[in-house]
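Below is one structure, written out as structure tokens; the observations come after it.
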Amino acid sequence: MKMDYVNIGKRLPRVDAVVKATGEAKYAGDLSMPGMLHGKMLRSPYPHARILDIDTSAAARLTGVRTVISGNDTIGFKAGGISAQGDEPYLALDKVRFIGDAVAAVAAIDEETAAEARDLIRVEYDELPAVVDPLAAMAENAPLIHDRAPKNISFKTDLAYGDVAQAFRKCDYVREDRFETTPIRHGFIEPHAALAVWDQSGRVSFWGSKQSPYFTYRNLAKALNIPLSRVRVVQPYIGGGFGGKNEMFDVDFCAALLSQKTGKPVKIVVSQQEVLYAYRQRHPTVIDLKTGLKKDGTILALDAHIVADGGAYLSIGALSLYLMCAFFCMPYRLPNMRAKGYRVYTNTQPSCAMRGHGVPQSRQAAETQLDLAAGEMGLDPVELRLKNALKPGETTPNGFKITSCGLEESIVAAGKIIARWRREKPKDDGPTKRGIGLGCYGYTSGPRMAGHNTAGAVIKVHEDGGISLATGSTDVGQGSDTVLSQIAAEVLGVRLEDIRYGMVDSDITPLDPGTFGSRVTFITGNAVRIAAEDARGQLAEVAANALEANPHDIVFHDRKVYVVGSPERSLPFSKLVKIAQYSATGKTILGRGYWAPEGLEVVNFETGRGNMSAAYSFGTQVAEVEVDTETGTTKVTRMAMVHDCGQPLNEMLMEGQLEGSAIGGVGHTLMEEIVRRDGQTMNSSFLEYRMPTSLDACPLEILHTDTYDEIGPFGAKETGEGIQVAVVPAIVNAIHDATGVAFKRIPITSIMVLDALKDETKTGQAGIED
């Protein structure tokens with residue numbers, strides 16, 4: 001839907017670009033206060049052990065130390081994604097459950113003294129049997145990590161729709177495979193950091209690197225046993241998150257409690273090594289998948305069994321497991337489906353949300369198996385997907401209602417790209433094998449969760465025509481501050497540079513669930529639109545009086561207001577504001593907006609039925625690889641993505657999100673893996689934990705379908721997170737196309753490729769099948 005927009009759809013620079021590029025932007029670790037103390041945390045060296053005694057006396061006596069805390073100094077609050085099942089103390093209480101579990105913390109006059117004091121703390125442990133493999137953890141005789149969880153099952157779900165058994169009997173082709181994904185890191189560059197200060201009235205103010213500041217706002221109040229009104233959370237700039245900074249962590253709690261004990265500001269910045277061995281990861285999974293099709297390629301049935309390694313604590317794993325199972329129903333028509341999932345405790349770091357949140361694991365299995373089925377059935381993978389693609393107006397068996405949908409268009413466009421690439425580079429018979437693969441996806445534009453789900457926005461119009469915008473949403477690098485400012489500017493008829501976006505401050509910004517599930521542009525964007533319309537309506541009354549017209553006939557466009565059809569009857573926007581504020585009662589223009597999608601259901605995570613999003617994004621990813629059969633090295637040589645994000649609000653930012661997601665997918669497929677031995681992380685630095693660099697990047701083609709979502713602000717939907725769901729299977733399928741070998745475990749390393757090519761008829765450790 002093409003409109004004469006000034007801000008929407010334009011390739012405008014980010015509002016935070018200059019301050020970040022020049023180093024002016026301040027992150028949590030950059031902050032300082034007079035009299036500030038520094039904190040360090042002591043972590044468990046054992047994967048599983050009972051705490052018998054903690055002796056902090058030597059640490060407390062060290063010159064420069066102000067206080068030492070342990071679990072005995074807390075009220076025993078345990079965090080968890082489902083509050084009734086909270087199981088994670090911010091400082092260990094009775095035992096430790098993974099290497100890196102926080103046991104104690106110290107505050108001192110500088111970091112060196114704090115580190116020395118930390119090393120003086122003595123803890124007596126009774127080491128317990130540990131289990132680090134999720135399948136072994138489910139055995140009858142496995143050691144229990146939490147007494148309340150038989151077989152170490154932290155959560156389970158069972159989704160069943162249609163008659164799966166009957167449907168399989170009607171299938172002409174049935175395939176069964178096991179797929180495995182390994183633990184991977186979020187890979188943000190800024191480590192976790194927190195600064196807290198208690199004032200004399202008993203209020204705590206907190207600055208930290210948080211994707212969802214209001215999660216920390218609530219949990220600080222609970223963990224410290226103080227009213228919410230005595231907690232203030234302020235959000236500085238964030239150096240990336242990707243799902244790994246949504247929750248409140250031990251670093252946040254310890255900074256606050258240490259400040260309470262000392263009466264001084266306390267800052268803790270964890271090392272990158274700590275981030276890599278003691279904080280969150282994406283869920284590793286073992287997925288047994290069975291799919292049945294008719295001979296024409298129609299998908300009739302799917303049966304999945306998932307075991308997800310949840311690590312030591314629940315975190316938000318119930319949602320993660322539900323999403324893994326539920327998104328087997330997208331992006332294809334699937335009348336009969338069953339997915340049983342088990343999230344299992346192990347003595348490793350807790351697993352949580354990561355870009356795509358649970359969906360990449362299940363869709364990687366499904367998309368890879370679909371290609372294998374197409375090959376054996378003699379079907380074109382593009383045509384197979386096109387035949388089964390969901391269309392606008394359809395409802396999935398678990399209740400997802402599809403509104404706008406450009407999936408078919410994206411598959412057709414991807415097919416043309418594949419045909420062009422094959423003409424440009426035919427398959428090579430030499431040692432370097434070339435292959436092309438694709439994958440499709442569907443994703444939410446903000447899931448409906450239990451509890452507060454509404455975004456809010458407040459707009460203040462200043463007397464010179466400048467505008468302040470405040471929301472409770474956080475920009476973690478995706479550019480949402482810019483996009484929300486564009487929405488406000490377009491509605492008010494000004495330009496992006498006229499908008500000043502305020503950082504989150506729980507004392508003054510609206511309550512907001514946080515930045516997750518691709519909800520900010522879609523949900524907060526609508527709240528901003530409504531707030532801007534509120535302010536515009538107030539100004540329209542003033543303009544109507546000045547221009548002798550009906551308020552509904554006033555147009556706001558490019559810093560001017562005029563009467564519709566008579567642009568000569570106009571006022572500069574800045575003059576209109578002065579008239580509003582300097583005449584009569586001198587009204588200050590304040591616009592307020594609140595929005596949440598209507599008609600959505602809070603999904604039961606165990607049974608899974610219900611529509612959880614007002615809109616879903618779709619798309620198709622294409623990848624080309626070259627595999628050196630002599631070294632096993634795989635290189636992604638180019639990728640293309642056709643994305644259905646509705647109306648792009650800022651095409652440059654959209655492209656940046658898609659490019660980041662695509663290159664991240666290269667790392668997940670070919671190189672990234674947390675390597676452990678008996679629960680100990682062996683690659684806890686970026687030297688050993690390899691992520692893609694500029695040398696691993698490749699040319700990218702980005703297209704988007706011509707869809708417009710009626711609910712999204714200016715027709716927009718999710719962008720940037722969903723595409724990663726399709727990147728990994730596209731690369732895996734391209735490797736299969738190049739070598740003829742099917743890989744069912746990621747990452748696909750050079751050694752795996754060489755082993756597979758040595759004997760294509762033999763299944764090896766890597767989970768390889770010819």
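Residue numbers start at 1 in each chain; chains themselves are named A, B, ... in the order of the structure tokens; ligands are numbered from 1 in the order shown.
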
Next on the checklist: as JSON, numbers by chain, please: every residue in segment 465-668 of chain A that a backbone DSSP assignment puts in alpha helix (DSSP H).
Outcome noted: {"A": [480, 481, 482, 483, 484, 485, 486, 487, 488, 489, 490, 491, 492, 525, 526, 527, 528, 529, 530, 531, 532, 533, 534, 535, 536, 537, 538, 539, 540, 541, 542, 543, 544, 545, 546, 547, 573, 574, 575, 576, 577, 578, 579, 580, 581, 582, 651, 652, 653, 654, 655, 656, 657, 658, 659, 660, 661, 662, 663, 664, 665, 666, 667, 668]}

Checklist entry - Using only C-alpha atoms, which residues sit within 7 Å of Pro134 of chain A once same-chain residues fewer than 6 positions away are excluded, as a VMD selection string? => result chain A and resid 309 344 346

Selection above as a file: C-alpha atoms, as a JSON list (two decimals), in the first residue's frame:
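Okay, again-v3.json is ready:
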[["chain", "number", "residue", "atom", "x", "y", "z"],
["A", 309, "ASP", "CA", 18.19, -29.71, 27.89],
["A", 344, "VAL", "CA", 14.89, -31.77, 31.43],
["A", 346, "THR", "CA", 20.82, -31.12, 33.92]]

Item to check | Shell of 9 Å around Leu62 of chain A, only C-alpha atoms, local chain residues under 3 positions omitted, as a PyMOL selection string | outcome: chain A and resi 57-59+65-66+113+116-117+120

Dump as a short mmCIF file (atom, residue, chain, number, x, y, z; two decimals), in the first residue's frame, selection limited to N, CA and C atoms:
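Output (selection_31.cif):
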data_model
loop_
_atom_site.label_atom_id
_atom_site.label_comp_id
_atom_site.auth_asym_id
_atom_site.auth_seq_id
_atom_site.Cartn_x
_atom_site.Cartn_y
_atom_site.Cartn_z
N SER A 57 34.85 -14.87 56.83
CA SER A 57 35.56 -14.03 57.80
C SER A 57 36.84 -13.45 57.25
N ALA A 58 37.63 -14.24 56.55
CA ALA A 58 38.89 -13.74 56.01
C ALA A 58 38.65 -12.66 54.96
N ALA A 59 37.65 -12.87 54.14
CA ALA A 59 37.31 -11.87 53.13
C ALA A 59 36.84 -10.58 53.78
N VAL A 65 37.42 -3.99 52.05
CA VAL A 65 36.17 -4.72 51.88
C VAL A 65 35.09 -4.09 52.76
N ARG A 66 33.92 -3.90 52.20
CA ARG A 66 32.83 -3.28 52.94
C ARG A 66 31.77 -4.28 53.39
N THR A 113 40.54 -5.31 44.91
CA THR A 113 40.29 -5.73 46.28
C THR A 113 39.11 -6.69 46.34
N GLU A 116 40.25 -10.08 45.21
CA GLU A 116 41.08 -10.73 46.23
C GLU A 116 40.21 -11.27 47.36
N ALA A 117 39.24 -10.47 47.77
CA ALA A 117 38.33 -10.89 48.85
C ALA A 117 37.50 -12.09 48.43
N LEU A 120 39.19 -15.22 48.96
CA LEU A 120 39.41 -15.59 50.36
C LEU A 120 38.19 -16.29 50.98
#

Item to check | Nearest to Phe179 of chain A by atom-to-atom distance, counting only C-alpha atoms, from A:Ala596, A:Ala221, A:Met377, A:Leu289 | outcome: A:Leu289

Dump as CSV the rows for residues of segment 656-747 of chain A within 9 Å of segment 620-626 of chain A: closest atom pair and distance in Å with one decimal, only C-alpha atoms counted, ordered by chain and rising residue number.
residue,atom,partner,partner_atom,distance
A:Ala662,CA,A:Gln621,CA,8.9
A:Ile723,CA,A:Gln621,CA,7.3
A:Gln724,CA,A:Gln621,CA,8.8
A:Ala726,CA,A:Gln621,CA,5.8
A:Val727,CA,A:Gln621,CA,6.0
A:Pro729,CA,A:Gln621,CA,8.8
A:Ala730,CA,A:Ala623,CA,5.6
A:Ile731,CA,A:Ala623,CA,5.5
A:Val732,CA,A:Ala623,CA,8.9
A:Asn733,CA,A:Ala623,CA,8.4
A:Ala734,CA,A:Glu624,CA,6.1
A:Ile735,CA,A:Val625,CA,6.5
A:Ala738,CA,A:Glu626,CA,7.3

Item to check | Residue contacts of segment 565-582 of chain A (10 Å, only C-alpha atoms) excluding same-chain residues fewer than 4 positions away, as a PyMOL selection string | outcome: chain A and resi 461-466+492-494+538-543+546-549+553-561+586-589

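Residues surrounding His668 of chain A within 10 Å are Thr181, Thr182, Pro183, Ile184, Arg185, Ala662, Ile663, Gly664, Gly665, Val666, Leu670, Met671, Glu672, Glu673, Arg690, Met691, Pro692, Gln724, Val727, Val728, Ile746, Pro747 and Ile748 of chain A [only C-alpha atoms; sequence separation below 2 positions excluded].
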
Let me see the file: selected residues, C-alpha atoms, as an mmCIF file, in the first residue's frame.
data_model
loop_
_atom_site.group_PDB
_atom_site.id
_atom_site.type_symbol
_atom_site.label_atom_id
_atom_site.label_comp_id
_atom_site.auth_asym_id
_atom_site.auth_seq_id
_atom_site.Cartn_x
_atom_site.Cartn_y
_atom_site.Cartn_z
ATOM 1 C CA THR A 181 21.139 -29.349 18.248
ATOM 2 C CA THR A 182 23.959 -28.422 20.600
ATOM 3 C CA PRO A 183 24.185 -25.658 23.233
ATOM 4 C CA ILE A 184 25.142 -22.249 21.832
ATOM 5 C CA ARG A 185 25.686 -18.787 23.272
ATOM 6 C CA ALA A 662 21.540 -14.676 8.427
ATOM 7 C CA ILE A 663 25.191 -14.459 9.470
ATOM 8 C CA GLY A 664 24.256 -15.640 12.966
ATOM 9 C CA GLY A 665 22.667 -18.662 11.329
ATOM 10 C CA VAL A 666 25.953 -19.409 9.581
ATOM 11 C CA LEU A 670 28.885 -24.512 10.940
ATOM 12 C CA MET A 671 30.876 -23.487 14.017
ATOM 13 C CA GLU A 672 29.144 -22.525 17.272
ATOM 14 C CA GLU A 673 28.962 -25.033 20.122
ATOM 15 C CA ARG A 690 34.027 -19.377 17.517
ATOM 16 C CA MET A 691 31.401 -17.051 16.091
ATOM 17 C CA PRO A 692 31.187 -15.700 12.525
ATOM 18 C CA GLN A 724 16.790 -17.049 11.624
ATOM 19 C CA VAL A 727 18.658 -19.901 7.880
ATOM 20 C CA VAL A 728 20.046 -23.066 9.476
ATOM 21 C CA ILE A 746 24.554 -29.125 14.067
ATOM 22 C CA PRO A 747 27.071 -27.618 13.948
ATOM 23 C CA ILE A 748 28.364 -29.407 10.870
#

Checklist entry - Can you tell me, as an MDAnalysis selection string, what residues are no more than 8 Å from Ile306 of chain A when counting only C-alpha atoms, ignoring any on the same chain fewer than 3 positions away? => result chainID A and resid 285:288 325 339:342

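Checking A:Met3, A:Ile238, A:Cys254, A:Ala414 one by one against Leu224 of chain A, counting only C-alpha atoms, you find the shortest gap at A:Cys254.
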
Item to check | Those in segment 549-598 of chain A with strand (DSSP E) from DSSP, as a VMD selection string | outcome: chain A and resid 554 to 557 560 to 563 566 to 572 589 to 595

Each residue of segment 208-282 of chain A with at least one atom at most 12 Å from segment 31-36 of chain A should appear once, together with its nearest atom pair and the corresponding distance in Å (one decimal); atoms considered: only C-alpha atoms; ordering: chain, then increasing residue number; output as a tab-separated table.
residue	atom	partner	partner_atom	distance
A:Gly208	CA	A:Leu31	CA	9.7
A:Ser209	CA	A:Leu31	CA	11.4
A:Val234	CA	A:Leu31	CA	11.8
A:Gln235	CA	A:Leu31	CA	11.5
A:Pro236	CA	A:Leu31	CA	9.0
A:Tyr237	CA	A:Leu31	CA	10.8
A:Ala255	CA	A:Met36	CA	11.1
A:Leu258	CA	A:Met36	CA	11.2
A:Ser259	CA	A:Met36	CA	9.2
A:Thr262	CA	A:Met36	CA	10.3
A:Gly263	CA	A:Met36	CA	9.9
A:Lys264	CA	A:Met36	CA	6.1
A:Pro265	CA	A:Met36	CA	4.7
A:Val266	CA	A:Met36	CA	5.6
A:Lys267	CA	A:Met36	CA	7.1
A:Ile268	CA	A:Met36	CA	10.5
A:Val269	CA	A:Leu31	CA	10.6

Item to check | Shell of 12 Å around Gly740 of chain A, only C-alpha atoms, local chain residues under 6 positions omitted, as a list in words | outcome: Asp371, Leu372, Gly375, Glu376, Lys433, Arg434, Gly435, Ile436, Val627, Thr629, Val732, Asn733, Ala734, Val753, Ala756, Leu757, Asp759, Glu760, Thr761, Ile768, Glu769 and Asp770 of chain A

Checklist entry - Taking into account only C-alpha atoms, which residue in the set A:Gly667, A:Gly679, A:Gly632, A:Gly514 is nearest to Asp696 of chain A? => result A:Gly667
